[in-house]
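To start, the structure under review is shown below, and the notes come after it.
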Amino acid sequence: MKKVKKKRLGKKQWLAKALEVLAESGVDEIKIERLAEALGISRNGFYYHFHNREHFLEELLDYWEHDFTRIISSDRNIQQLSPEDRFEKIIEIVQENKLSKYDLAIMSWAKNDQRVKRVVGRVFALRLEFVGKIFEELGFTGAELEIRTRLFVCYHSNAGDLFDDYYSAKSKKFHMRQLKFLMVK
């Protein structure tokens, strides 16, 4: 008799599915059984990667922080571009990979969980610092620097939830016009 190979999923597949559930239904609906069923596997696979639900939620926050923010801020190729090209590359990556897709869900979760609130604070501080340095390179200081930085970060962190066409190819022109507007002295 031939052995049937059990399907084993990687950590990221569990975490990606959990972000979908978080966005659709909130953190209380992130349940091991529900995730396993949605992924088409037994719940035992969960325990291969995670100790328990609490450990899983910590990993989920780390995943969101790294794969949806640090992936840009730590990319040396991006850092070597001119400020203008860096902004264009950031917009392109955020749009193509839908990196802001779960920001609203994470921020909603943070309203009721201090640990999540700290992570959100750290992530947005990192985003503001990263974008602020680029505007600084373009010669902006003081209030002009802060306003442009916040506008850029807030828009690209929330527009995907606010505007249906944010991720469309058509909107790329709009984003580039917006960027030019923010870079004008």
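Just so we're on the same page: first chain in the structure tokens is A, next is B, and so on; residues restart at 1 for each chain, and ligands are numbered from 1 in the order they show up.
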
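Contact shell of segment 98-111 of chain A at 7 Å (only C-alpha atoms; same-chain neighbours under 3 positions omitted): Leu19, Leu22, Ala23, Val27, Phe68, Val94, Gln95, Gln114, Val116, Lys117, Val120, His156, Ser157, Asn158, Gly160 and Tyr167 of chain A.
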
Export, as a PDB file, in the first residue's frame, the selected residues with C-alpha atoms.
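Once everything was written out, this is result_29.pdb:
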ATOM      1  CA  LEU A  19      -3.954  38.131   8.149  1.00  0.00           C
ATOM      2  CA  LEU A  22      -7.947  39.328  10.729  1.00  0.00           C
ATOM      3  CA  ALA A  23      -8.939  41.694   7.914  1.00  0.00           C
ATOM      4  CA  VAL A  27      -8.525  38.931  15.867  1.00  0.00           C
ATOM      5  CA  PHE A  68       4.969  44.582   5.080  1.00  0.00           C
ATOM      6  CA  VAL A  94       3.629  48.859  -1.928  1.00  0.00           C
ATOM      7  CA  GLN A  95       1.177  48.779  -4.821  1.00  0.00           C
ATOM      8  CA  GLN A 114      -1.267  47.300  24.165  1.00  0.00           C
ATOM      9  CA  VAL A 116      -0.095  45.314  19.267  1.00  0.00           C
ATOM     10  CA  LYS A 117      -0.267  49.071  19.799  1.00  0.00           C
ATOM     11  CA  VAL A 120       2.093  49.473  15.322  1.00  0.00           C
ATOM     12  CA  HIS A 156       0.132  54.855   1.296  1.00  0.00           C
ATOM     13  CA  SER A 157      -0.750  53.060   4.542  1.00  0.00           C
ATOM     14  CA  ASN A 158      -4.504  53.685   4.239  1.00  0.00           C
ATOM     15  CA  GLY A 160      -5.811  50.702  -0.212  1.00  0.00           C
ATOM     16  CA  TYR A 167      -3.901  48.896  -6.334  1.00  0.00           C
TER      17      TYR A 167
END

- request: Any chance you could list, as an MDAnalysis selection string, the residues in segment 1-146 of chain A that come up helix (DSSP H, G or I) when DSSP is run on the backbone?
  value: chainID A and resid 11:25 27:29 32:39 44:49 53:73 76:79 83:97 103:110 114:137 142:146

message: Would you compute the distance between atom CA of Phe140 of chain A and atom CA of Met183 of chain A? Give it in Å to one decimal.
response: 8.9 Å

So that I can check the surroundings of segment 128-130 of chain A, please list as a compact mmCIF listing (two decimals) with N, CA and C atoms, in the first residue's frame every protein, DNA and RNA residue that reaches within 8 Å of it, counting only C-alpha atoms and ignoring chain neighbours fewer than 6 positions away.
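Listing of selection32.txt after writing:
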# COMPACT_ATOMS: atom_id res chain seq x y z
N SER A 73 12.39 49.02 4.00
CA SER A 73 13.37 49.87 4.70
C SER A 73 14.75 49.23 4.81
N THR A 149 6.19 64.04 5.04
CA THR A 149 6.44 62.68 5.52
C THR A 149 5.14 62.02 5.97
N ARG A 150 4.39 62.72 6.80
CA ARG A 150 3.13 62.16 7.31
C ARG A 150 2.11 61.94 6.19
N VAL A 153 3.24 58.77 4.19
CA VAL A 153 3.07 57.53 4.95
C VAL A 153 1.59 57.24 5.20

- request: For His66 of chain A, please output as a list in words all residues within 12 Å (counting only C-alpha atoms; exclusion window: fewer than 4 positions along the same chain).
  value: Lys12, Glu59, Leu60, Leu61, Asp62, Arg70, Ile71, Ile72, Ser73, Ser74, Asp75, Leu99, Val119, Val120, Arg122, Val123, Leu126 and Arg127 of chain A

- prompt: Between atom CA of Glu96 of chain A and atom CA of Gly132 of chain A, what is the spacing in Å?
  reply: 22.4 Å

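Taking only C-alpha atoms into account, His55 of chain A lies nearest to A:Leu15 out of the set A:Arg86, A:Leu39, A:Ile93, A:Leu15.
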
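The residue that comes closest to Leu138 of chain A, out of A:Phe46, A:Trp14, A:Phe87, A:Phe56 and on the basis of only C-alpha atoms, is A:Phe87.
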
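Using only C-alpha atoms, the smallest distance between any of A:Glu136, A:Glu144, A:Asp28, A:Glu84 and Leu57 of chain A comes from A:Asp28.
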
- prompt: Neighbours of Gly10 of chain A within 12 Å (only C-alpha atoms; same-chain residues fewer than 6 positions away dropped), as an MDAnalysis selection string?
  reply: chainID A and resid 16:17 39 41 45:50
